[in-house]
$ cat my_file_32.txt   # compact mmCIF, C-alpha atoms and all ligand atoms
# COMPACT_ATOMS: atom_id res chain seq x y z
CA MET F 286 -36.15 -3.23 -9.05
CA LYS F 287 -35.28 -5.64 -11.84
CA ILE F 288 -34.43 -3.75 -15.01
CA MET F 289 -33.81 -4.93 -18.56
CA VAL F 290 -31.10 -2.87 -20.23
CA THR F 291 -31.08 -3.32 -24.01
CA GLY F 292 -27.77 -2.29 -25.54
CA GLY F 293 -26.24 -2.51 -22.07
CA ALA F 294 -22.88 -3.72 -23.42
CA GLY F 295 -22.54 -0.45 -25.36
CA TYR F 296 -21.03 2.88 -24.41
CA ILE F 297 -23.86 4.68 -22.59
CA GLY F 298 -25.60 1.46 -21.52
CA SER F 299 -22.55 0.08 -19.70
CA HIS F 300 -22.07 3.30 -17.71
CA THR F 301 -25.76 3.41 -16.82
CA ALA F 302 -25.60 -0.25 -15.79
CA VAL F 303 -22.85 0.56 -13.27
CA GLY F 304 -24.99 3.34 -11.78
CA LEU F 305 -28.08 1.11 -11.55
CA LEU F 306 -26.12 -1.71 -9.90
CA GLN F 307 -24.60 0.70 -7.40
CA ASP F 308 -28.15 1.83 -6.55
CA GLY F 309 -29.04 -1.78 -5.76
CA HIS F 310 -31.08 -2.66 -8.86
CA GLU F 311 -30.92 -6.09 -10.47
CA LEU F 312 -30.09 -6.08 -14.17
CA VAL F 313 -30.46 -8.18 -17.24
CA ILE F 314 -28.50 -6.85 -20.19
CA VAL F 315 -29.76 -7.77 -23.65
CA ASP F 316 -27.31 -7.04 -26.46
CA ASN F 317 -26.38 -8.68 -29.77
CA LEU F 318 -22.82 -7.28 -29.52
CA ALA F 319 -23.21 -5.72 -32.99
CA ASN F 320 -21.21 -2.71 -31.78
CA SER F 321 -19.82 -3.83 -28.44
CA SER F 322 -17.95 -6.50 -26.55
CA ALA F 323 -18.91 -8.97 -23.81
CA GLU F 324 -15.78 -7.71 -22.03
CA ALA F 325 -17.70 -4.51 -21.26
CA VAL F 326 -20.26 -6.55 -19.30
CA GLN F 327 -17.43 -8.25 -17.38
CA ARG F 328 -16.01 -4.88 -16.46
CA VAL F 329 -19.41 -3.54 -15.37
CA GLN F 330 -19.51 -6.44 -12.89
CA GLU F 331 -15.92 -5.76 -11.83
CA ILE F 332 -16.53 -2.02 -11.20
CA SER F 333 -19.82 -2.51 -9.37
CA GLY F 334 -18.87 -5.72 -7.56
CA ARG F 335 -22.29 -7.09 -8.49
CA PRO F 336 -23.39 -9.86 -10.88
CA VAL F 337 -25.25 -8.97 -14.08
CA GLY F 338 -27.51 -11.18 -16.14
CA PHE F 339 -26.39 -11.09 -19.77
CA ARG F 340 -28.34 -12.40 -22.79
CA GLU F 341 -26.63 -12.20 -26.17
CA LEU F 342 -29.71 -11.59 -28.24
CA ASP F 343 -30.91 -9.60 -31.24
CA LEU F 344 -34.06 -7.54 -30.67
CA LEU F 345 -35.11 -8.63 -34.15
CA ASP F 346 -35.58 -12.14 -32.68
CA GLU F 347 -38.98 -11.58 -31.10
CA VAL F 348 -39.42 -15.16 -29.89
CA ALA F 349 -36.12 -15.17 -27.99
CA LEU F 350 -36.89 -11.72 -26.62
CA SER F 351 -40.28 -12.77 -25.31
CA THR F 352 -38.64 -15.78 -23.64
CA VAL F 353 -36.21 -13.50 -21.80
CA PHE F 354 -39.15 -11.43 -20.49
CA ALA F 355 -40.88 -14.59 -19.33
CA GLN F 356 -37.76 -15.91 -17.60
CA GLU F 357 -36.33 -12.70 -16.15
CA ARG F 358 -39.56 -10.81 -15.32
CA PRO F 359 -38.10 -7.26 -15.44
CA GLN F 360 -40.26 -4.42 -14.10
CA ALA F 361 -38.83 -1.74 -16.37
CA VAL F 362 -36.73 -1.43 -19.52
CA ILE F 363 -34.02 1.04 -20.46
CA HIS F 364 -33.68 0.82 -24.22
CA PHE F 365 -30.25 1.78 -25.58
CA ALA F 366 -30.01 -0.88 -28.31
CA GLY F 367 -29.77 0.64 -31.76
CA LEU F 368 -27.38 1.44 -34.56
CA LYS F 369 -26.05 4.99 -34.33
CA SER F 370 -23.68 5.85 -37.16
CA VAL F 371 -25.08 8.76 -39.17
CA GLY F 372 -22.94 8.02 -42.25
CA GLU F 373 -23.82 4.32 -42.29
CA SER F 374 -27.50 5.21 -42.00
CA VAL F 375 -27.19 7.27 -45.19
CA SER F 376 -25.44 4.50 -47.14
CA ASP F 377 -27.51 1.61 -45.73
CA PRO F 378 -30.84 3.13 -44.62
CA LEU F 379 -32.83 -0.10 -44.66
CA ARG F 380 -30.48 -1.70 -42.14
CA TYR F 381 -31.09 1.28 -39.84
CA TYR F 382 -34.86 1.32 -40.24
CA ARG F 383 -35.03 -2.43 -39.79
CA ASN F 384 -32.76 -2.63 -36.77
CA ASN F 385 -33.92 0.47 -34.92
CA LEU F 386 -37.63 0.51 -35.76
CA ILE F 387 -38.42 -3.21 -35.84
CA GLY F 388 -36.13 -3.89 -32.88
CA THR F 389 -38.04 -1.30 -30.87
CA LEU F 390 -41.47 -2.52 -32.04
CA ASN F 391 -40.53 -6.07 -31.02
CA LEU F 392 -39.42 -4.79 -27.63
CA LEU F 393 -42.68 -2.87 -27.10
CA ALA F 394 -44.75 -5.90 -28.11
CA SER F 395 -42.85 -8.10 -25.66
CA MET F 396 -43.24 -5.52 -22.92
CA ALA F 397 -46.99 -5.29 -23.52
CA GLU F 398 -47.30 -9.08 -23.60
CA HIS F 399 -45.53 -9.35 -20.24
CA GLN F 400 -47.25 -6.33 -18.62
CA VAL F 401 -44.07 -4.24 -18.42
CA ARG F 402 -45.04 -0.66 -19.16
CA THR F 403 -42.13 1.43 -17.91
CA LEU F 404 -39.60 2.46 -20.56
CA VAL F 405 -36.68 4.86 -20.81
CA PHE F 406 -35.68 5.38 -24.45
CA SER F 407 -32.42 6.76 -25.89
CA SER F 408 -33.38 9.53 -28.23
CA SER F 409 -31.04 12.17 -29.58
CA ALA F 410 -30.65 15.90 -30.08
CA THR F 411 -30.29 15.00 -33.74
CA VAL F 412 -34.13 14.94 -33.95
CA TYR F 413 -34.30 18.76 -33.75
CA SER F 414 -34.68 20.89 -36.86
CA ALA F 415 -31.45 22.58 -37.99
CA ASP F 416 -33.49 25.79 -38.31
CA GLU F 417 -34.21 25.91 -34.58
CA PRO F 418 -31.84 28.22 -32.68
CA SER F 419 -29.93 26.98 -29.64
CA PRO F 420 -30.48 26.58 -26.76
CA LEU F 421 -33.00 23.96 -27.82
CA ALA F 422 -36.03 23.32 -25.60
CA GLU F 423 -37.99 20.07 -25.87
CA SER F 424 -40.78 22.00 -27.61
CA ALA F 425 -38.53 22.95 -30.56
CA SER F 426 -39.67 21.53 -33.89
CA LEU F 427 -38.22 18.25 -35.12
CA ALA F 428 -36.74 17.65 -38.57
CA PRO F 429 -33.86 15.16 -38.56
CA VAL F 430 -31.74 15.31 -41.72
CA ASN F 431 -30.54 11.69 -41.95
CA PRO F 432 -32.07 8.19 -41.71
CA TYR F 433 -30.54 7.57 -38.26
CA GLY F 434 -32.22 10.68 -36.88
CA ARG F 435 -35.48 9.77 -38.59
CA THR F 436 -35.50 6.38 -36.82
CA LYS F 437 -35.29 8.27 -33.51
CA GLN F 438 -38.11 10.63 -34.47
CA GLN F 439 -40.31 7.77 -35.71
CA ILE F 440 -39.74 5.78 -32.51
CA GLU F 441 -40.63 8.90 -30.48
CA GLU F 442 -43.89 9.15 -32.44
CA ALA F 443 -44.71 5.47 -31.92
CA LEU F 444 -44.07 5.85 -28.18
CA ALA F 445 -46.30 8.94 -27.99
CA ASP F 446 -49.08 7.06 -29.81
CA LEU F 447 -48.68 4.11 -27.46
CA GLY F 448 -48.90 6.35 -24.40
CA ALA F 449 -52.01 8.02 -25.84
CA ALA F 450 -53.69 4.68 -26.54
CA ASP F 451 -52.92 3.24 -23.11
CA PRO F 452 -52.28 5.81 -20.35
CA SER F 453 -50.90 3.15 -18.03
CA TRP F 454 -47.54 3.36 -19.88
CA ARG F 455 -44.70 5.33 -18.29
CA ILE F 456 -42.31 6.45 -21.02
CA ALA F 457 -39.30 8.76 -20.89
CA MET F 458 -37.56 9.80 -24.09
CA LEU F 459 -34.15 11.21 -23.31
CA ARG F 460 -32.60 13.40 -25.99
CA TYR F 461 -28.87 13.23 -25.43
CA PHE F 462 -26.69 15.99 -26.80
CA ASN F 463 -23.02 14.93 -27.32
CA PRO F 464 -22.06 12.13 -24.90
CA VAL F 465 -18.34 11.94 -24.10
CA GLY F 466 -16.02 10.89 -21.27
CA ALA F 467 -15.76 7.58 -19.49
CA HIS F 468 -16.06 5.95 -16.08
CA PRO F 469 -13.38 7.46 -13.79
CA SER F 470 -11.90 3.97 -13.23
CA GLY F 471 -10.73 3.95 -16.86
CA ARG F 472 -12.15 0.41 -17.19
CA ILE F 473 -15.11 1.18 -19.49
CA GLY F 474 -15.53 3.81 -22.19
CA GLU F 475 -16.41 4.42 -25.81
CA ASP F 476 -14.79 1.87 -28.15
CA PRO F 477 -15.70 2.80 -31.73
CA ALA F 478 -15.18 0.21 -34.45
CA GLY F 479 -12.92 1.44 -37.25
CA VAL F 480 -12.05 5.10 -37.69
CA PRO F 481 -14.15 7.23 -35.31
CA ASN F 482 -16.61 9.73 -36.81
CA ASN F 483 -17.21 11.64 -33.61
CA LEU F 484 -14.86 14.33 -32.38
CA LEU F 485 -13.82 13.12 -28.90
CA PRO F 486 -12.92 9.54 -29.87
CA TYR F 487 -11.04 10.87 -32.89
CA VAL F 488 -9.09 13.40 -30.83
CA ALA F 489 -8.33 10.66 -28.27
CA GLN F 490 -6.93 8.42 -31.00
CA VAL F 491 -4.72 11.26 -32.25
CA ALA F 492 -3.46 11.75 -28.69
CA ILE F 493 -2.61 8.06 -28.36
CA GLY F 494 -0.98 7.96 -31.83
CA ARG F 495 -3.53 5.84 -33.69
CA GLN F 496 -4.44 8.74 -36.00
CA ALA F 497 -2.03 11.38 -37.30
CA LYS F 498 -4.09 14.57 -36.96
CA VAL F 499 -7.59 15.90 -36.47
CA THR F 500 -9.36 17.43 -39.44
CA VAL F 501 -11.50 20.31 -38.19
CA HIS F 502 -14.67 20.19 -40.26
CA GLY F 503 -15.01 23.85 -41.10
CA ALA F 504 -13.70 27.03 -39.45
CA ASP F 505 -16.02 29.48 -41.21
CA TYR F 506 -19.16 29.04 -39.09
CA ALA F 507 -20.79 32.00 -37.36
CA THR F 508 -19.30 31.00 -33.99
CA PRO F 509 -16.66 32.78 -31.88
CA ASP F 510 -13.71 30.86 -33.42
CA GLY F 511 -15.48 29.71 -36.60
CA THR F 512 -15.63 26.02 -35.61
CA GLY F 513 -18.74 24.02 -34.68
CA VAL F 514 -20.10 24.36 -31.15
CA ARG F 515 -21.69 21.41 -29.32
CA ASP F 516 -23.11 20.60 -25.89
CA TYR F 517 -20.77 17.85 -24.70
CA VAL F 518 -22.15 15.92 -21.75
CA HIS F 519 -20.23 13.48 -19.53
CA VAL F 520 -21.48 9.90 -19.85
CA MET F 521 -21.49 9.60 -16.03
CA ASP F 522 -23.93 12.51 -15.87
CA LEU F 523 -26.03 10.85 -18.58
CA ALA F 524 -26.10 7.64 -16.55
CA GLN F 525 -27.50 9.60 -13.59
CA GLY F 526 -30.10 11.14 -15.93
CA HIS F 527 -31.47 7.66 -16.69
CA ILE F 528 -31.71 6.83 -13.01
CA ALA F 529 -33.51 10.13 -12.35
CA ALA F 530 -35.93 9.41 -15.23
CA LEU F 531 -36.67 5.93 -13.90
CA ASP F 532 -37.32 7.36 -10.47
CA PHE F 533 -39.70 9.96 -11.97
CA LEU F 534 -41.58 7.25 -13.90
CA ASP F 535 -42.05 5.37 -10.67
CA ARG F 536 -44.19 8.31 -9.54
CA HIS F 537 -45.79 9.44 -12.83
CA ARG F 538 -47.65 7.80 -15.69
CA GLY F 539 -47.50 9.27 -19.19
CA VAL F 540 -45.04 10.16 -21.91
CA PHE F 541 -42.20 12.59 -21.20
CA ARG F 542 -39.34 14.11 -23.20
CA TRP F 543 -36.19 15.54 -21.67
CA ASN F 544 -33.01 17.02 -23.07
CA LEU F 545 -29.89 15.75 -21.39
CA GLY F 546 -27.16 18.32 -21.91
CA THR F 547 -25.16 20.83 -19.91
CA GLY F 548 -26.62 23.95 -21.54
CA LYS F 549 -23.05 25.04 -22.38
CA GLY F 550 -21.32 24.87 -25.74
CA HIS F 551 -17.69 24.21 -26.69
CA SER F 552 -16.06 24.67 -30.07
CA VAL F 553 -13.95 22.05 -31.84
CA LEU F 554 -10.80 24.06 -31.08
CA GLU F 555 -11.74 24.33 -27.39
CA VAL F 556 -12.17 20.56 -27.25
CA ILE F 557 -8.77 20.02 -28.86
CA ASP F 558 -7.16 22.45 -26.38
CA ASN F 559 -8.84 20.79 -23.41
CA PHE F 560 -7.84 17.33 -24.58
CA ALA F 561 -4.23 18.41 -25.13
CA ALA F 562 -4.17 19.76 -21.57
CA ALA F 563 -5.80 16.63 -20.11
CA SER F 564 -3.47 14.22 -21.94
CA GLY F 565 -0.28 16.24 -21.95
CA ARG F 566 0.01 15.26 -25.61
CA GLU F 567 0.20 17.41 -28.68
CA ILE F 568 -2.94 17.20 -30.86
CA PRO F 569 -2.01 18.22 -34.41
CA PHE F 570 -4.94 19.47 -36.49
CA GLU F 571 -5.72 21.00 -39.85
CA ILE F 572 -8.72 23.01 -40.97
CA GLY F 573 -10.79 21.16 -43.57
CA ALA F 574 -14.09 21.67 -45.36
CA ARG F 575 -17.47 21.69 -43.60
CA ARG F 576 -18.98 18.23 -43.10
CA PRO F 577 -22.32 17.86 -44.93
CA GLY F 578 -25.30 17.88 -42.55
CA ASP F 579 -23.47 19.68 -39.72
CA VAL F 580 -25.00 22.68 -37.97
CA ALA F 581 -22.96 25.54 -36.53
CA VAL F 582 -24.28 25.26 -32.97
CA SER F 583 -26.25 22.67 -31.00
CA ILE F 584 -26.81 23.35 -27.30
CA ALA F 585 -29.52 22.08 -24.97
CA ARG F 586 -31.87 24.02 -22.81
CA PRO F 587 -31.76 21.50 -19.93
CA ALA F 588 -34.23 23.35 -17.64
CA ALA F 589 -37.01 20.76 -17.90
CA ALA F 590 -34.76 17.91 -16.69
CA GLN F 591 -33.56 20.13 -13.87
CA GLU F 592 -37.07 21.14 -12.80
CA GLN F 593 -38.83 17.79 -13.19
CA LEU F 594 -36.06 15.27 -12.59
CA GLY F 595 -33.81 17.32 -10.36
CA TRP F 596 -31.03 16.39 -12.78
CA VAL F 597 -28.13 18.67 -13.65
CA ALA F 598 -24.97 17.76 -15.52
CA GLU F 599 -22.20 18.33 -13.01
CA ARG F 600 -19.03 17.56 -14.96
CA GLY F 601 -17.32 20.14 -17.17
CA ILE F 602 -15.26 19.80 -20.33
CA ALA F 603 -11.92 19.40 -18.50
CA GLU F 604 -13.26 16.40 -16.54
CA MET F 605 -14.81 14.95 -19.70
CA CYS F 606 -11.43 15.07 -21.46
CA ARG F 607 -9.55 13.77 -18.40
CA ASP F 608 -11.82 10.74 -18.02
CA HIS F 609 -11.95 10.07 -21.77
CA TRP F 610 -8.14 10.17 -21.86
CA ARG F 611 -7.75 7.82 -18.88
CA TRP F 612 -9.89 5.23 -20.68
CA GLN F 613 -8.00 5.72 -23.96
CA GLU F 614 -4.57 5.61 -22.33
CA ASN F 615 -5.34 2.47 -20.31
CA ASN F 616 -7.04 0.76 -23.26
CA PRO F 617 -5.27 1.98 -26.41
CA ARG F 618 -7.05 -0.66 -28.53
CA GLY F 619 -10.33 -0.52 -26.61
CA PHE F 620 -11.80 -3.73 -25.20
CA ALA F 621 -9.99 -5.83 -27.81
CA GLY F 622 -6.59 -4.87 -26.35
P1 LIG F 701 -23.42 1.75 -28.67
O1 LIG F 701 -23.36 1.32 -30.09
O2 LIG F 701 -22.17 1.76 -27.88
O3 LIG F 701 -24.51 0.91 -27.88
C1 LIG F 701 -25.66 0.39 -28.51
C2 LIG F 701 -25.71 -1.08 -28.20
O4 LIG F 701 -26.87 -1.67 -28.81
C3 LIG F 701 -24.51 -1.86 -28.73
O5 LIG F 701 -23.94 -2.59 -27.67
C4 LIG F 701 -25.09 -2.77 -29.81
O6 LIG F 701 -24.40 -4.00 -29.89
C5 LIG F 701 -26.52 -2.93 -29.34
N1 LIG F 701 -27.49 -3.25 -30.38
C6 LIG F 701 -27.69 -2.60 -31.56
N2 LIG F 701 -28.68 -3.19 -32.26
C7 LIG F 701 -29.14 -4.23 -31.50
C8 LIG F 701 -30.16 -5.22 -31.68
N3 LIG F 701 -30.89 -5.27 -32.79
N4 LIG F 701 -30.34 -6.12 -30.70
C9 LIG F 701 -29.59 -6.10 -29.57
N5 LIG F 701 -28.62 -5.20 -29.36
C10 LIG F 701 -28.39 -4.27 -30.31
O7 LIG F 701 -24.08 3.22 -28.68
P2 LIG F 701 -24.23 4.26 -27.48
O8 LIG F 701 -23.41 5.44 -27.82
O9 LIG F 701 -24.08 3.60 -26.18
O10 LIG F 701 -25.73 4.69 -27.73
C11 LIG F 701 -26.81 4.10 -27.00
C12 LIG F 701 -28.10 4.67 -27.53
O11 LIG F 701 -28.09 6.08 -27.41
C13 LIG F 701 -28.35 4.39 -29.02
O12 LIG F 701 -29.72 4.14 -29.21
C14 LIG F 701 -27.94 5.69 -29.69
O13 LIG F 701 -28.63 5.88 -30.90
C15 LIG F 701 -28.37 6.70 -28.65
N6 LIG F 701 -27.62 7.96 -28.73
C16 LIG F 701 -26.25 7.94 -28.74
C17 LIG F 701 -25.54 9.13 -28.85
C18 LIG F 701 -24.03 9.13 -28.92
O14 LIG F 701 -23.47 10.08 -29.48
N7 LIG F 701 -23.34 8.13 -28.39
C19 LIG F 701 -26.23 10.35 -28.90
C20 LIG F 701 -27.62 10.33 -28.86
C21 LIG F 701 -28.30 9.13 -28.78
C1 LIG F 702 -18.91 17.41 -33.12
C2 LIG F 702 -18.24 18.61 -33.76
C3 LIG F 702 -18.03 18.40 -36.12
C4 LIG F 702 -15.16 15.06 -36.04
C5 LIG F 702 -23.19 13.23 -33.70
C6 LIG F 702 -24.44 12.71 -34.36
C7 LIG F 702 -25.61 12.88 -33.45
C8 LIG F 702 -25.35 12.30 -32.05
C9 LIG F 702 -24.03 12.73 -31.50
C10 LIG F 702 -26.32 10.13 -31.88
C11 LIG F 702 -18.90 19.05 -35.06
C12 LIG F 702 -16.67 18.45 -35.48
C13 LIG F 702 -16.04 16.06 -35.69
C14 LIG F 702 -13.91 15.41 -36.64
C15 LIG F 702 -14.53 17.74 -36.47
N1 LIG F 702 -25.31 10.88 -32.08
N2 LIG F 702 -15.73 17.38 -35.89
N3 LIG F 702 -13.65 16.74 -36.82
O1 LIG F 702 -22.11 15.70 -35.32
O2 LIG F 702 -22.59 16.94 -33.17
O3 LIG F 702 -23.35 14.62 -33.43
O4 LIG F 702 -22.99 12.54 -32.48
O5 LIG F 702 -27.46 10.44 -31.73
O6 LIG F 702 -26.67 12.24 -34.08
O7 LIG F 702 -24.65 13.42 -35.56
O8 LIG F 702 -20.95 15.05 -33.15
O9 LIG F 702 -18.68 14.40 -32.50
O10 LIG F 702 -19.41 14.03 -34.89
O11 LIG F 702 -19.04 16.36 -34.08
O12 LIG F 702 -14.24 18.93 -36.67
O13 LIG F 702 -13.10 14.57 -37.00
O14 LIG F 702 -16.91 18.25 -34.10
O15 LIG F 702 -18.02 19.08 -37.35
O16 LIG F 702 -18.80 20.44 -35.13
P1 LIG F 702 -22.25 15.68 -33.88
P2 LIG F 702 -19.48 14.85 -33.66

$ encode --input "my_file_32.txt" --output "structure tokens"
Amino acid sequence: MKIMVTGGAGYIGSHTAVGLLQDGHELVIVDNLANSSAEAVQRVQEISGRPVGFRELDLLDEVALSTVFAQERPQAVIHFAGLKSVGESVSDPLRYYRNNLIGTLNLLASMAEHQVRTLVFSSSATVYSADEPSPLAESASLAPVNPYGRTKQQIEEALADLGAADPSWRIAMLRYFNPVGAHPSGRIGEDPAGVPNNLLPYVAQVAIGRQAKVTVHGADYATPDGTGVRDYVHVMDLAQGHIAALDFLDRHRGVFRWNLGTGKGHSVLEVIDNFAAASGREIPFEIGARRPGDVAVSIARPAAAQEQLGWVAERGIAEMCRDHWRWQENNPRGFAG
């Protein structure tokens, strides 16, 4: 099948692209490189040994986007493109609403115009209400607490309305928990611009010596060691989740929502310990204040993806840290190095 991958130069998109190419699909990656590098696309081709179509394009440019559909004639779209920094979305909400909402609406209009009605969308566990206890099922109530999360919820609503209006659409919304790790080759991985906000990339930069120490955001939560617990999921498992969703949509019309997580939680201190073991480096840390907006625990109930997609996350926290470290060690400055 020919698949358009928006945001395919980014972290999760590049790993999914490798999986799709290895399964024999043809790809066209559409990315404006706002948070990524063309080098990632090169390395996707290198790892898979297959060519990839690449269009440097902003989804806000609806004319250019429609032209790509006309020229490339994809049969399905996996839509990763979006801005994802929670803090930036609070300080510059209009940029987030504009990029994420209008970018997606342009994409949907182009798809409709060119009779492409199969879509896998990157949603997030951040859409769930902080009042809902973990493990979180897809039926849990939604109440994102920041503009980034609200763009995800609003896109989910638009997609549900679209599927209701025209039942010929096939739409999967995948709610990722905490994606980490990297391709086992160490050639592609997460390459955050500036100082990382997320735990794994920050810990990796401490291990490599780019940051002095980790600040643990709160050790007074009602968790076994007092630090926040999250459902970390290996990006290679996530990539397989997209392929499973696409396969399901090939057989089913309608609108579907699936959590992609392991169903297991790890605390900040457990992550630091695992990363120290994987890297053989010391990871100095200090306990700081809670980070505003954080919840104590966020863990998926991944049963629906298992039952309907036959998808289970296979890689544990040790492998996540090992693969994340291999990428960091081989590429201390990311793709720029
Ligand atoms: P990423 O920033 O590495 O990848 C997103 C890609 O989209 C980037 O390459 C960026 O250049 C591109 N992009 C952004 N706006 C665009 C536009 N207007 N036109 C064209 N390209 C554009 O992020 P990622 O971690 O790979 O995340 C992929 C998707 O998954 C995002 O939608 C993100 O919100 C979602 N998600 C990520 C996480 C996470 O923690 N990484 C968790 C849940 C959901
Ligand atoms: C994990 C844990 C922190 C950094 C975020 C987004 C969410 C989703 C995934 C896109 C928490 C603690 C972190 C540090 C720390 N992204 N921490 N020191 O907050 O669960 O989710 O990424 O959809 O929307 O909010 O992930 O990696 O930032 O934090 O102690 O320097 O690590 O408090 O307990 P989070 P994270």

$ closest_residue --input "my_file_32.txt" --among "F:Leu368, F:Leu459, F:Leu386, F:Val580" --to "Arg542 of chain F" --atoms "all atoms listed in the file"
F:Leu459

$ closest_atom_pairs --input "my_file_32.txt" --of "chain F" --to "ligand LIG 701 (chain F)" --cutoff "6 Å" --atoms "all atoms listed in the file" --output "Markdown table"
| residue | atom | partner | partner_atom | distance |
| --- | --- | --- | --- | --- |
| F:Gly292 | CA | F:LIG701 | O4 | 3.4 |
| F:Ala294 | CA | F:LIG701 | O5 | 4.5 |
| F:Gly295 | CA | F:LIG701 | O2 | 3.4 |
| F:Tyr296 | CA | F:LIG701 | O9 | 3.6 |
| F:Ile297 | CA | F:LIG701 | O9 | 3.8 |
| F:Gly298 | CA | F:LIG701 | O9 | 5.3 |
| F:Asp316 | CA | F:LIG701 | N5 | 3.7 |
| F:Asn317 | CA | F:LIG701 | C9 | 4.1 |
| F:Leu318 | CA | F:LIG701 | O6 | 3.7 |
| F:Ala319 | CA | F:LIG701 | O6 | 3.7 |
| F:Asn320 | CA | F:LIG701 | O6 | 3.9 |
| F:Ser321 | CA | F:LIG701 | O5 | 4.4 |
| F:Leu342 | CA | F:LIG701 | C9 | 5.7 |
| F:Asp343 | CA | F:LIG701 | N4 | 3.6 |
| F:Leu344 | CA | F:LIG701 | N4 | 4.0 |
| F:Leu345 | CA | F:LIG701 | N3 | 5.6 |
| F:Phe365 | CA | F:LIG701 | C12 | 4.1 |
| F:Ala366 | CA | F:LIG701 | O4 | 3.3 |
| F:Gly367 | CA | F:LIG701 | C6 | 3.9 |
| F:Leu368 | CA | F:LIG701 | C6 | 5.0 |
| F:Lys369 | CA | F:LIG701 | O13 | 4.4 |
| F:Asn384 | CA | F:LIG701 | N3 | 5.1 |
| F:Gly388 | CA | F:LIG701 | N3 | 5.4 |
| F:Ser407 | CA | F:LIG701 | O11 | 4.6 |
| F:Ser408 | CA | F:LIG701 | C21 | 5.1 |
| F:Ser409 | CA | F:LIG701 | C20 | 3.9 |
| F:Tyr461 | CA | F:LIG701 | C20 | 4.7 |
| F:Asn463 | CA | F:LIG701 | O14 | 5.3 |
| F:Pro464 | CA | F:LIG701 | O14 | 5.2 |

$ write_last_selection --input "my_file_32.txt" --atoms "C-alpha atoms" --output "CSV table (one decimal), keeping the file's coordinate frame"
chain,number,residue,atom,x,y,z
F,292,GLY,CA,-27.8,-2.3,-25.5
F,294,ALA,CA,-22.9,-3.7,-23.4
F,295,GLY,CA,-22.5,-0.4,-25.4
F,296,TYR,CA,-21.0,2.9,-24.4
F,297,ILE,CA,-23.9,4.7,-22.6
F,298,GLY,CA,-25.6,1.5,-21.5
F,316,ASP,CA,-27.3,-7.0,-26.5
F,317,ASN,CA,-26.4,-8.7,-29.8
F,318,LEU,CA,-22.8,-7.3,-29.5
F,319,ALA,CA,-23.2,-5.7,-33.0
F,320,ASN,CA,-21.2,-2.7,-31.8
F,321,SER,CA,-19.8,-3.8,-28.4
F,342,LEU,CA,-29.7,-11.6,-28.2
F,343,ASP,CA,-30.9,-9.6,-31.2
F,344,LEU,CA,-34.1,-7.5,-30.7
F,345,LEU,CA,-35.1,-8.6,-34.2
F,365,PHE,CA,-30.2,1.8,-25.6
F,366,ALA,CA,-30.0,-0.9,-28.3
F,367,GLY,CA,-29.8,0.6,-31.8
F,368,LEU,CA,-27.4,1.4,-34.6
F,369,LYS,CA,-26.0,5.0,-34.3
F,384,ASN,CA,-32.8,-2.6,-36.8
F,388,GLY,CA,-36.1,-3.9,-32.9
F,407,SER,CA,-32.4,6.8,-25.9
F,408,SER,CA,-33.4,9.5,-28.2
F,409,SER,CA,-31.0,12.2,-29.6
F,461,TYR,CA,-28.9,13.2,-25.4
F,463,ASN,CA,-23.0,14.9,-27.3
F,464,PRO,CA,-22.1,12.1,-24.9

$ residues_around --input "my_file_32.txt" --residues "Val290 of chain F" --least-positions-apart "4" --cutoff "8 Å" --atoms "all atoms listed in the file" --output "list in words"
Gly298, Ala302, Leu312, Val313, Ile314, Val315, Val362, Ile363, His364 and Phe365 of chain F

$ closest_residue --input "my_file_32.txt" --among "F:Gly546, F:Gly494, F:Gly471, F:Gly619" --to "His300 of chain F" --atoms "all atoms listed in the file"
F:Gly471

$ residues_around --input "my_file_32.txt" --residues "Gly338 of chain F" --least-positions-apart "2" --cutoff "12 Å" --atoms "all atoms listed in the file" --output "MDAnalysis selection string"
chainID F and resid 287:291 293:294 302 306 310:316 323 326:327 329:330 335:336 340:341 353 356:357 359

$ closest_residue --input "my_file_32.txt" --among "F:Ser583, F:Thr352, F:Gln438, F:Ser424" --to "ligand LIG 702 (chain F)" --atoms "only C-alpha atoms and all ligand atoms"
F:Ser583

$ residues_around --input "my_file_32.txt" --residues "Gln400 of chain F" --least-positions-apart "4" --cutoff "10 Å" --atoms "only C-alpha atoms" --output "list in words"
Phe354, Arg358, Pro359, Gln360, Ala361, Ala394, Ser395, Met396 and Trp454 of chain F

$ atom_distance --input "my_file_32.txt" --atom1 "atom CA of Ala355 of chain F" --atom2 "atom CA of Gly334 of chain F"
26.5 Å

$ residues_near_point --input "my_file_32.txt" --point "(-6.5, 7.9, -38.4)" --cutoff "12 Å" --atoms "all atoms listed in the file" --output "ChimeraX atom specification"
/F:479-482,486-500,569-570

$ closest_residue --input "my_file_32.txt" --among "F:Ala590, F:Val556, F:Ala561, F:Val520" --to "ligand LIG 702 (chain F)" --atoms "only C-alpha atoms and all ligand atoms"
F:Val556
